[in-house]
Amino acid sequence: MKNLVTHIGGMPVPQLAKNFGTPAFIYERDVIEKRIAELKAFEVIRFAQKACSNIAILALMRKNGVVVDAVSAGEIYRALKVGYTGGGHPSGIVFTADLFDEDALQLIREHKIPVNVGSPDMITQLGKAYPGAEVTLRINPGFGHGHSRKVNTGGSYSKHGIWHTDLEECLRLGNEAGVKIQGLHMHIGSGSDYHHLSTVCDAMVKAAKRMGAPLKVISAGGGLPIPYHKEQARIDIAAYYGLWDKARKSIEREVGHPVSLEVEPGRYLVAESCSLLTQVRSVKSSGGNKFYLVDAGFDTLIRPAMYGSYHEISIAAHDGRTIGNAVDTIVAGPLCESGDVFTQEEGGVVTTRKLPEAVVGDYLILHDAGAYGAAMSSNYNTRKLAPEVMIQNGAAEIIRERQTFEAILQFERIPKTLA
Ligand SMILES: *Cc1c(COP(=O)(O)O)cnc(C)c1O
């Protein structure tokens, strides 16, 4: 039956649940390595680690020749921890943001990390802190794309990037500040809309012409989609690469020297590698609707609550029995919050899913939870962060322990007057 599974990454689901508890994020190493291999036409694959920043995942990226993007001081710290360094071509770490904080500026200076700036003010600030810094400009071409208003990355209401008409002013600021502006970046996230993508490529070529000889690197950004709905088509990487490579070649003719092409996927490399394993703790009916209540909530996986995102769901029997019927079901979590529902659409519209008839104790798996899953989880309702587990060569190993209550409370203090 559809949506019925017995194994994750070749391991029996009940055994994984017994060994690691639920909820747990279960990653499959070979899925990540397959996605990396698919992108090898790009000279440089730069993993947007914000999608999944566990240091084991970063170490796996490094082992496969993938470099990383960091969007905060903390992400630089993670990258350094697994052996990435700043500087060199391509730099192991690039910092991308629309503003600096002092922690980030300090690490950037100390480790000579190139910066992809998203606001003109950053150029002057960087020049003061770290003269000679290598810089790329993240350009907002004046239009965007995105599956939700919250993920739109361009246009006049986007906080991201430098407005395209400010390019010359930024080059002037760069000269004045003594930093080396040598690249252009556009993260619009066209997905598999190739017509839209070619518009982005054209905007890149136009910007590159205005920049001229100093240009050494262009970045296509991220936004490569994965088929969250199993009937969705997979992105045609060759077509995607083809459009960008054509843009690169036209830019090379313009500037008169080689230009390197980076791609910066987050989701594409990790989303499909991970199953969020949960246990069904209650099966109930309310006014004709059937509910499966599971032990993960939006503290564990926030995408459905935040964007109305769709995740495929499967059931695994806890006792090896055969499950027959499929029933329309609402899947929800334990949080004291009505939005804590995994089957919902954008705008918080609750929907049902046809799922095998589960009983309390069965396992419910939310698929494709590797991107913006563990990385976006929280302690809301004072719930422990779920463990992360990696399966490789037929063995499962913990890569983040389940958090403890002591760890959650460790930085809280009671004033003397209340003790
Ligand atoms: C978030 C982000 C990415 C990755 O986006 P995905 O949709 O996960 O591929 C890449 N580049 C930048 C600058 C980002 O902010």
# chains A, B, ... in the order shown; residues from 1 in each chain; ligands from 1

$ residues_near_ligand --ligand "ligand 1" --cutoff "9 Å" --atoms "only C-alpha atoms and all ligand atoms" --output "VMD selection string"
chain A and resid 46 to 51 69 to 71 96 to 97 116 138 151 153 160 185 to 189 191 220 to 225 263 to 271 371 to 372

$ select_by_dssp --residues "stretch 98-209 of chain A" --states "strand (DSSP E)" --output "NGL selection string"
:A and (115-117 or 134-140 or 162-163 or 180-185)

$ write_last_selection --atoms "N, CA, C and O atoms" --output "PDB file, in the first residue's frame"
ATOM      1  N   VAL A 115      33.233  38.132   1.654  1.00  0.00           N
ATOM      2  CA  VAL A 115      31.882  38.490   2.052  1.00  0.00           C
ATOM      3  C   VAL A 115      31.022  38.772   0.821  1.00  0.00           C
ATOM      4  O   VAL A 115      31.445  39.481  -0.094  1.00  0.00           O
ATOM      5  N   ASN A 116      29.851  38.209   0.832  1.00  0.00           N
ATOM      6  CA  ASN A 116      28.843  38.470  -0.191  1.00  0.00           C
ATOM      7  C   ASN A 116      27.888  39.485   0.435  1.00  0.00           C
ATOM      8  O   ASN A 116      27.061  39.122   1.270  1.00  0.00           O
ATOM      9  N   VAL A 117      28.029  40.769   0.067  1.00  0.00           N
ATOM     10  CA  VAL A 117      27.293  41.811   0.784  1.00  0.00           C
ATOM     11  C   VAL A 117      25.916  42.049   0.162  1.00  0.00           C
ATOM     12  O   VAL A 117      25.774  42.111  -1.047  1.00  0.00           O
ATOM     13  N   GLU A 134      37.908  40.512   0.293  1.00  0.00           N
ATOM     14  CA  GLU A 134      37.320  40.150  -0.994  1.00  0.00           C
ATOM     15  C   GLU A 134      35.800  40.178  -0.870  1.00  0.00           C
ATOM     16  O   GLU A 134      35.245  39.639   0.091  1.00  0.00           O
ATOM     17  N   VAL A 135      35.165  40.808  -1.854  1.00  0.00           N
ATOM     18  CA  VAL A 135      33.730  41.062  -1.757  1.00  0.00           C
ATOM     19  C   VAL A 135      33.016  40.653  -3.039  1.00  0.00           C
ATOM     20  O   VAL A 135      33.539  40.848  -4.137  1.00  0.00           O
ATOM     21  N   THR A 136      31.835  40.074  -2.884  1.00  0.00           N
ATOM     22  CA  THR A 136      30.916  39.943  -4.017  1.00  0.00           C
ATOM     23  C   THR A 136      29.653  40.720  -3.653  1.00  0.00           C
ATOM     24  O   THR A 136      29.337  40.903  -2.473  1.00  0.00           O
ATOM     25  N   LEU A 137      28.957  41.189  -4.664  1.00  0.00           N
ATOM     26  CA  LEU A 137      27.739  41.955  -4.436  1.00  0.00           C
ATOM     27  C   LEU A 137      26.531  41.064  -4.694  1.00  0.00           C
ATOM     28  O   LEU A 137      26.400  40.496  -5.784  1.00  0.00           O
ATOM     29  N   ARG A 138      25.684  40.940  -3.680  1.00  0.00           N
ATOM     30  CA  ARG A 138      24.423  40.230  -3.899  1.00  0.00           C
ATOM     31  C   ARG A 138      23.427  41.228  -4.472  1.00  0.00           C
ATOM     32  O   ARG A 138      23.032  42.183  -3.812  1.00  0.00           O
ATOM     33  N   ILE A 139      23.057  40.994  -5.729  1.00  0.00           N
ATOM     34  CA  ILE A 139      22.217  41.953  -6.442  1.00  0.00           C
ATOM     35  C   ILE A 139      20.754  41.524  -6.403  1.00  0.00           C
ATOM     36  O   ILE A 139      20.422  40.365  -6.657  1.00  0.00           O
ATOM     37  N   ASN A 140      19.889  42.468  -6.089  1.00  0.00           N
ATOM     38  CA  ASN A 140      18.446  42.284  -6.255  1.00  0.00           C
ATOM     39  C   ASN A 140      18.098  42.861  -7.621  1.00  0.00           C
ATOM     40  O   ASN A 140      18.145  44.072  -7.818  1.00  0.00           O
ATOM     41  N   ILE A 162      21.349  44.120  -2.935  1.00  0.00           N
ATOM     42  CA  ILE A 162      21.599  45.500  -3.335  1.00  0.00           C
ATOM     43  C   ILE A 162      20.747  45.797  -4.559  1.00  0.00           C
ATOM     44  O   ILE A 162      20.795  45.044  -5.544  1.00  0.00           O
ATOM     45  N   TRP A 163      19.980  46.847  -4.496  1.00  0.00           N
ATOM     46  CA  TRP A 163      19.095  47.187  -5.617  1.00  0.00           C
ATOM     47  C   TRP A 163      19.943  47.385  -6.870  1.00  0.00           C
ATOM     48  O   TRP A 163      20.993  48.019  -6.809  1.00  0.00           O
ATOM     49  N   LYS A 180      38.093  44.656  -2.168  1.00  0.00           N
ATOM     50  CA  LYS A 180      38.165  44.196  -3.563  1.00  0.00           C
ATOM     51  C   LYS A 180      36.835  43.588  -3.997  1.00  0.00           C
ATOM     52  O   LYS A 180      36.547  42.434  -3.679  1.00  0.00           O
ATOM     53  N   ILE A 181      36.066  44.346  -4.739  1.00  0.00           N
ATOM     54  CA  ILE A 181      34.792  43.812  -5.240  1.00  0.00           C
ATOM     55  C   ILE A 181      35.076  43.032  -6.516  1.00  0.00           C
ATOM     56  O   ILE A 181      35.547  43.590  -7.502  1.00  0.00           O
ATOM     57  N   GLN A 182      34.847  41.715  -6.469  1.00  0.00           N
ATOM     58  CA  GLN A 182      35.227  40.900  -7.620  1.00  0.00           C
ATOM     59  C   GLN A 182      34.194  39.883  -8.058  1.00  0.00           C
ATOM     60  O   GLN A 182      34.490  39.010  -8.868  1.00  0.00           O
ATOM     61  N   GLY A 183      32.985  39.994  -7.509  1.00  0.00           N
ATOM     62  CA  GLY A 183      31.989  39.015  -7.929  1.00  0.00           C
ATOM     63  C   GLY A 183      30.570  39.532  -7.833  1.00  0.00           C
ATOM     64  O   GLY A 183      30.295  40.535  -7.164  1.00  0.00           O
ATOM     65  N   LEU A 184      29.692  38.841  -8.515  1.00  0.00           N
ATOM     66  CA  LEU A 184      28.261  39.160  -8.472  1.00  0.00           C
ATOM     67  C   LEU A 184      27.481  37.900  -8.124  1.00  0.00           C
ATOM     68  O   LEU A 184      27.844  36.795  -8.541  1.00  0.00           O
ATOM     69  N   HIS A 185      26.396  38.084  -7.389  1.00  0.00           N
ATOM     70  CA  HIS A 185      25.625  36.977  -6.859  1.00  0.00           C
ATOM     71  C   HIS A 185      24.152  37.325  -7.003  1.00  0.00           C
ATOM     72  O   HIS A 185      23.757  38.461  -6.755  1.00  0.00           O
TER      73      HIS A 185
END

$ select_by_dssp --residues "stretch 92-299 of chain A" --states "helix (DSSP H, G or I)" --output "ChimeraX atom specification"
/A:102-111,121-129,149-151,164-177,194-211,237-255,267-273

$ residues_around --residues "A:Tyr292" --least-positions-apart "5" --cutoff "10 Å" --atoms "only C-alpha atoms" --output "ChimeraX atom specification"
/A:279-285,329-333,355,357-360,364

$ write_last_selection --atoms "N, CA and C atoms" --output "PDB file, in the first residue's frame"
ATOM      1  N   GLN A 279       6.280   8.938  16.587  1.00  0.00           N
ATOM      2  CA  GLN A 279       5.384   7.857  16.989  1.00  0.00           C
ATOM      3  C   GLN A 279       3.962   8.390  17.155  1.00  0.00           C
ATOM      4  N   VAL A 280       2.997   7.604  16.723  1.00  0.00           N
ATOM      5  CA  VAL A 280       1.589   7.963  16.910  1.00  0.00           C
ATOM      6  C   VAL A 280       1.252   7.714  18.383  1.00  0.00           C
ATOM      7  N   ARG A 281       0.802   8.763  19.074  1.00  0.00           N
ATOM      8  CA  ARG A 281       0.511   8.649  20.506  1.00  0.00           C
ATOM      9  C   ARG A 281      -0.988   8.697  20.799  1.00  0.00           C
ATOM     10  N   SER A 282      -1.758   9.153  19.810  1.00  0.00           N
ATOM     11  CA  SER A 282      -3.211   9.162  19.998  1.00  0.00           C
ATOM     12  C   SER A 282      -3.882   9.101  18.637  1.00  0.00           C
ATOM     13  N   VAL A 283      -4.967   8.333  18.564  1.00  0.00           N
ATOM     14  CA  VAL A 283      -5.791   8.277  17.355  1.00  0.00           C
ATOM     15  C   VAL A 283      -7.193   8.638  17.804  1.00  0.00           C
ATOM     16  N   LYS A 284      -7.715   9.758  17.307  1.00  0.00           N
ATOM     17  CA  LYS A 284      -9.053  10.149  17.786  1.00  0.00           C
ATOM     18  C   LYS A 284      -9.875  10.774  16.675  1.00  0.00           C
ATOM     19  N   SER A 285     -11.189  10.836  16.914  1.00  0.00           N
ATOM     20  CA  SER A 285     -12.095  11.494  15.977  1.00  0.00           C
ATOM     21  C   SER A 285     -12.704  12.694  16.667  1.00  0.00           C
ATOM     22  N   THR A 329      -6.995  11.615   7.094  1.00  0.00           N
ATOM     23  CA  THR A 329      -6.499  11.870   8.441  1.00  0.00           C
ATOM     24  C   THR A 329      -5.861  13.251   8.529  1.00  0.00           C
ATOM     25  N   ILE A 330      -6.025  13.874   9.687  1.00  0.00           N
ATOM     26  CA  ILE A 330      -5.287  15.099  10.000  1.00  0.00           C
ATOM     27  C   ILE A 330      -4.140  14.689  10.915  1.00  0.00           C
ATOM     28  N   VAL A 331      -2.921  15.122  10.586  1.00  0.00           N
ATOM     29  CA  VAL A 331      -1.769  14.764  11.412  1.00  0.00           C
ATOM     30  C   VAL A 331      -1.333  16.003  12.192  1.00  0.00           C
ATOM     31  N   ALA A 332      -1.271  15.880  13.516  1.00  0.00           N
ATOM     32  CA  ALA A 332      -0.950  17.026  14.358  1.00  0.00           C
ATOM     33  C   ALA A 332       0.009  16.622  15.460  1.00  0.00           C
ATOM     34  N   GLY A 333       0.579  17.623  16.110  1.00  0.00           N
ATOM     35  CA  GLY A 333       1.597  17.391  17.128  1.00  0.00           C
ATOM     36  C   GLY A 333       1.116  17.683  18.527  1.00  0.00           C
ATOM     37  N   LEU A 355      -4.121   8.127   4.659  1.00  0.00           N
ATOM     38  CA  LEU A 355      -3.011   7.396   5.286  1.00  0.00           C
ATOM     39  C   LEU A 355      -3.479   6.023   5.761  1.00  0.00           C
ATOM     40  N   GLU A 357      -4.307   2.911   8.092  1.00  0.00           N
ATOM     41  CA  GLU A 357      -5.003   2.961   9.381  1.00  0.00           C
ATOM     42  C   GLU A 357      -4.037   2.616  10.521  1.00  0.00           C
ATOM     43  N   ALA A 358      -3.599   3.623  11.236  1.00  0.00           N
ATOM     44  CA  ALA A 358      -2.599   3.423  12.285  1.00  0.00           C
ATOM     45  C   ALA A 358      -3.257   3.233  13.639  1.00  0.00           C
ATOM     46  N   VAL A 359      -2.514   2.588  14.526  1.00  0.00           N
ATOM     47  CA  VAL A 359      -2.938   2.504  15.920  1.00  0.00           C
ATOM     48  C   VAL A 359      -1.853   3.157  16.774  1.00  0.00           C
ATOM     49  N   VAL A 360      -2.226   3.447  18.020  1.00  0.00           N
ATOM     50  CA  VAL A 360      -1.252   4.035  18.935  1.00  0.00           C
ATOM     51  C   VAL A 360      -0.033   3.112  19.027  1.00  0.00           C
ATOM     52  N   LEU A 364       5.046   7.201  12.450  1.00  0.00           N
ATOM     53  CA  LEU A 364       4.643   8.071  11.351  1.00  0.00           C
ATOM     54  C   LEU A 364       5.899   8.808  10.898  1.00  0.00           C
TER      55      LEU A 364
END

$ residues_around --residues "A:Gly348" --least-positions-apart "4" --cutoff "7 Å" --atoms "only C-alpha atoms" --output "ChimeraX atom specification"
/A:305,308,339,344

$ closest_atom_pairs --of "stretch 2-42 of chain A" --to "stretch 387-409 of chain A" --cutoff "12 Å" --atoms "only C-alpha atoms" --output "JSON lines"
{"residue": "A:His7", "atom": "CA", "partner": "A:Gly394", "partner_atom": "CA", "distance": 11.5}
{"residue": "A:Ile8", "atom": "CA", "partner": "A:Ile391", "partner_atom": "CA", "distance": 8.8}
{"residue": "A:Gly9", "atom": "CA", "partner": "A:Ile391", "partner_atom": "CA", "distance": 6.6}
{"residue": "A:Gly10", "atom": "CA", "partner": "A:Gly394", "partner_atom": "CA", "distance": 6.7}
{"residue": "A:Met11", "atom": "CA", "partner": "A:Gly394", "partner_atom": "CA", "distance": 7.2}
{"residue": "A:Pro12", "atom": "CA", "partner": "A:Gly394", "partner_atom": "CA", "distance": 10.9}
{"residue": "A:Val13", "atom": "CA", "partner": "A:Ala396", "partner_atom": "CA", "distance": 11.6}
{"residue": "A:Gln15", "atom": "CA", "partner": "A:Ala396", "partner_atom": "CA", "distance": 10.3}
{"residue": "A:Leu16", "atom": "CA", "partner": "A:Ala396", "partner_atom": "CA", "distance": 8.0}
{"residue": "A:Ala17", "atom": "CA", "partner": "A:Val389", "partner_atom": "CA", "distance": 11.0}
{"residue": "A:Asn19", "atom": "CA", "partner": "A:Ala396", "partner_atom": "CA", "distance": 9.2}
{"residue": "A:Phe20", "atom": "CA", "partner": "A:Pro387", "partner_atom": "CA", "distance": 7.5}
{"residue": "A:Gly21", "atom": "CA", "partner": "A:Pro387", "partner_atom": "CA", "distance": 8.4}
{"residue": "A:Thr22", "atom": "CA", "partner": "A:Pro387", "partner_atom": "CA", "distance": 8.4}
{"residue": "A:Pro23", "atom": "CA", "partner": "A:Pro387", "partner_atom": "CA", "distance": 7.6}
{"residue": "A:Ala24", "atom": "CA", "partner": "A:Pro387", "partner_atom": "CA", "distance": 5.2}
{"residue": "A:Phe25", "atom": "CA", "partner": "A:Glu388", "partner_atom": "CA", "distance": 4.7}
{"residue": "A:Ile26", "atom": "CA", "partner": "A:Val389", "partner_atom": "CA", "distance": 4.8}
{"residue": "A:Tyr27", "atom": "CA", "partner": "A:Met390", "partner_atom": "CA", "distance": 4.7}
{"residue": "A:Glu28", "atom": "CA", "partner": "A:Ile391", "partner_atom": "CA", "distance": 4.9}
{"residue": "A:Arg29", "atom": "CA", "partner": "A:Gln392", "partner_atom": "CA", "distance": 5.6}
{"residue": "A:Asp30", "atom": "CA", "partner": "A:Gln392", "partner_atom": "CA", "distance": 7.1}
{"residue": "A:Val31", "atom": "CA", "partner": "A:Gln392", "partner_atom": "CA", "distance": 10.0}
{"residue": "A:Ile32", "atom": "CA", "partner": "A:Gln392", "partner_atom": "CA", "distance": 10.9}
{"residue": "A:Glu33", "atom": "CA", "partner": "A:Gln392", "partner_atom": "CA", "distance": 11.0}

$ write_last_selection --atoms "N, CA and C atoms" --output "PDB file, in the first residue's frame"
ATOM      1  N   HIS A   7      11.160   0.239   6.393  1.00  0.00           N
ATOM      2  CA  HIS A   7      12.570   0.540   6.621  1.00  0.00           C
ATOM      3  C   HIS A   7      12.889   1.998   6.270  1.00  0.00           C
ATOM      4  N   ILE A   8      13.911   2.527   6.906  1.00  0.00           N
ATOM      5  CA  ILE A   8      14.513   3.805   6.483  1.00  0.00           C
ATOM      6  C   ILE A   8      15.985   3.516   6.241  1.00  0.00           C
ATOM      7  N   GLY A   9      16.475   3.839   5.053  1.00  0.00           N
ATOM      8  CA  GLY A   9      17.889   3.619   4.746  1.00  0.00           C
ATOM      9  C   GLY A   9      18.312   2.183   4.989  1.00  0.00           C
ATOM     10  N   GLY A  10      17.415   1.245   4.738  1.00  0.00           N
ATOM     11  CA  GLY A  10      17.734  -0.165   4.896  1.00  0.00           C
ATOM     12  C   GLY A  10      17.610  -0.689   6.324  1.00  0.00           C
ATOM     13  N   MET A  11      17.212   0.158   7.252  1.00  0.00           N
ATOM     14  CA  MET A  11      17.101  -0.293   8.646  1.00  0.00           C
ATOM     15  C   MET A  11      15.637  -0.342   9.075  1.00  0.00           C
ATOM     16  N   PRO A  12      15.241  -1.389   9.802  1.00  0.00           N
ATOM     17  CA  PRO A  12      13.845  -1.506  10.240  1.00  0.00           C
ATOM     18  C   PRO A  12      13.439  -0.324  11.131  1.00  0.00           C
ATOM     19  N   VAL A  13      12.271   0.250  10.825  1.00  0.00           N
ATOM     20  CA  VAL A  13      11.822   1.434  11.563  1.00  0.00           C
ATOM     21  C   VAL A  13      11.713   1.176  13.076  1.00  0.00           C
ATOM     22  N   GLN A  15      13.336  -0.734  14.939  1.00  0.00           N
ATOM     23  CA  GLN A  15      14.682  -0.806  15.543  1.00  0.00           C
ATOM     24  C   GLN A  15      15.290   0.595  15.694  1.00  0.00           C
ATOM     25  N   LEU A  16      15.105   1.444  14.679  1.00  0.00           N
ATOM     26  CA  LEU A  16      15.600   2.828  14.776  1.00  0.00           C
ATOM     27  C   LEU A  16      14.932   3.540  15.939  1.00  0.00           C
ATOM     28  N   ALA A  17      13.609   3.329  16.069  1.00  0.00           N
ATOM     29  CA  ALA A  17      12.864   3.990  17.150  1.00  0.00           C
ATOM     30  C   ALA A  17      13.338   3.496  18.512  1.00  0.00           C
ATOM     31  N   ASN A  19      16.336   2.266  19.221  1.00  0.00           N
ATOM     32  CA  ASN A  19      17.710   2.708  19.498  1.00  0.00           C
ATOM     33  C   ASN A  19      17.827   4.198  19.787  1.00  0.00           C
ATOM     34  N   PHE A  20      17.021   5.008  19.119  1.00  0.00           N
ATOM     35  CA  PHE A  20      17.232   6.457  19.213  1.00  0.00           C
ATOM     36  C   PHE A  20      16.052   7.202  19.803  1.00  0.00           C
ATOM     37  N   GLY A  21      14.931   6.538  20.013  1.00  0.00           N
ATOM     38  CA  GLY A  21      13.740   7.209  20.531  1.00  0.00           C
ATOM     39  C   GLY A  21      13.060   8.000  19.428  1.00  0.00           C
ATOM     40  N   THR A  22      11.905   8.557  19.762  1.00  0.00           N
ATOM     41  CA  THR A  22      11.187   9.422  18.819  1.00  0.00           C
ATOM     42  C   THR A  22      10.804  10.700  19.546  1.00  0.00           C
ATOM     43  N   PRO A  23      10.694  11.844  18.842  1.00  0.00           N
ATOM     44  CA  PRO A  23      11.000  12.003  17.421  1.00  0.00           C
ATOM     45  C   PRO A  23      12.502  12.014  17.177  1.00  0.00           C
ATOM     46  N   ALA A  24      12.912  11.663  15.949  1.00  0.00           N
ATOM     47  CA  ALA A  24      14.327  11.690  15.583  1.00  0.00           C
ATOM     48  C   ALA A  24      14.459  11.982  14.091  1.00  0.00           C
ATOM     49  N   PHE A  25      15.479  12.767  13.761  1.00  0.00           N
ATOM     50  CA  PHE A  25      15.802  13.031  12.354  1.00  0.00           C
ATOM     51  C   PHE A  25      16.789  11.961  11.886  1.00  0.00           C
ATOM     52  N   ILE A  26      16.412  11.210  10.854  1.00  0.00           N
ATOM     53  CA  ILE A  26      17.265  10.129  10.358  1.00  0.00           C
ATOM     54  C   ILE A  26      17.781  10.494   8.960  1.00  0.00           C
ATOM     55  N   TYR A  27      19.083  10.719   8.830  1.00  0.00           N
ATOM     56  CA  TYR A  27      19.683  11.094   7.535  1.00  0.00           C
ATOM     57  C   TYR A  27      20.320   9.876   6.880  1.00  0.00           C
ATOM     58  N   GLU A  28      20.277   9.862   5.543  1.00  0.00           N
ATOM     59  CA  GLU A  28      20.973   8.823   4.782  1.00  0.00           C
ATOM     60  C   GLU A  28      22.108   9.475   4.006  1.00  0.00           C
ATOM     61  N   ARG A  29      23.326   9.101   4.360  1.00  0.00           N
ATOM     62  CA  ARG A  29      24.513   9.695   3.760  1.00  0.00           C
ATOM     63  C   ARG A  29      24.527   9.548   2.234  1.00  0.00           C
ATOM     64  N   ASP A  30      24.146   8.359   1.739  1.00  0.00           N
ATOM     65  CA  ASP A  30      24.279   8.142   0.287  1.00  0.00           C
ATOM     66  C   ASP A  30      23.347   9.041  -0.529  1.00  0.00           C
ATOM     67  N   VAL A  31      22.234   9.453   0.066  1.00  0.00           N
ATOM     68  CA  VAL A  31      21.330  10.357  -0.674  1.00  0.00           C
ATOM     69  C   VAL A  31      22.011  11.719  -0.863  1.00  0.00           C
ATOM     70  N   ILE A  32      22.668  12.201   0.182  1.00  0.00           N
ATOM     71  CA  ILE A  32      23.366  13.493   0.080  1.00  0.00           C
ATOM     72  C   ILE A  32      24.481  13.399  -0.966  1.00  0.00           C
ATOM     73  N   GLU A  33      25.227  12.308  -0.945  1.00  0.00           N
ATOM     74  CA  GLU A  33      26.352  12.179  -1.891  1.00  0.00           C
ATOM     75  C   GLU A  33      25.863  12.067  -3.334  1.00  0.00           C
TER      76      GLU A  33
END

$ closest_residue --among "A:Ser158, A:Thr351, A:Thr165, A:Gln410" --to "A:Pro304" --atoms "only C-alpha atoms"
A:Thr351

$ closest_residue --among "A:Ala129, A:Ile218, A:Val255, A:Leu366" --to "A:Ser273" --atoms "only C-alpha atoms"
A:Leu366

$ closest_residue --among "A:Asn381, A:Gln106, A:Thr417, A:Thr278" --to "A:Val294" --atoms "only C-alpha atoms"
A:Thr278

$ atom_distance --atom1 "atom CA of A:Asp340" --atom2 "atom CA of A:Ser275"
18.6 Å

$ closest_residue --among "A:His145, A:Lys112, A:His196, A:Lys246" --to "A:Tyr130" --atoms "only C-alpha atoms"
A:Lys112

$ closest_residue --among "A:Glu169, A:Val341, A:Glu43, A:Ile113" --to "A:Met211" --atoms "only C-alpha atoms"
A:Glu169

$ closest_residue --among "A:Asn152, A:Gly212, A:Ile237, A:Glu168" --to "A:Tyr194" --atoms "only C-alpha atoms"
A:Ile237

$ atom_distance --atom1 "atom CA of A:Leu4" --atom2 "atom CA of A:Gly288"
23.7 Å

$ atom_distance --atom1 "atom CA of A:Cys201" --atom2 "atom CA of A:Lys230"
28.9 Å

$ closest_atom_pairs --of "stretch 101-195 of chain A" --to "stretch 75-83 of chain A" --cutoff "9 Å" --atoms "only C-alpha atoms" --output "JSON lines"
{"residue": "A:Ala104", "atom": "CA", "partner": "A:Ile76", "partner_atom": "CA", "distance": 7.8}
{"residue": "A:Leu107", "atom": "CA", "partner": "A:Ile76", "partner_atom": "CA", "distance": 7.4}
{"residue": "A:Ile108", "atom": "CA", "partner": "A:Ile76", "partner_atom": "CA", "distance": 8.3}
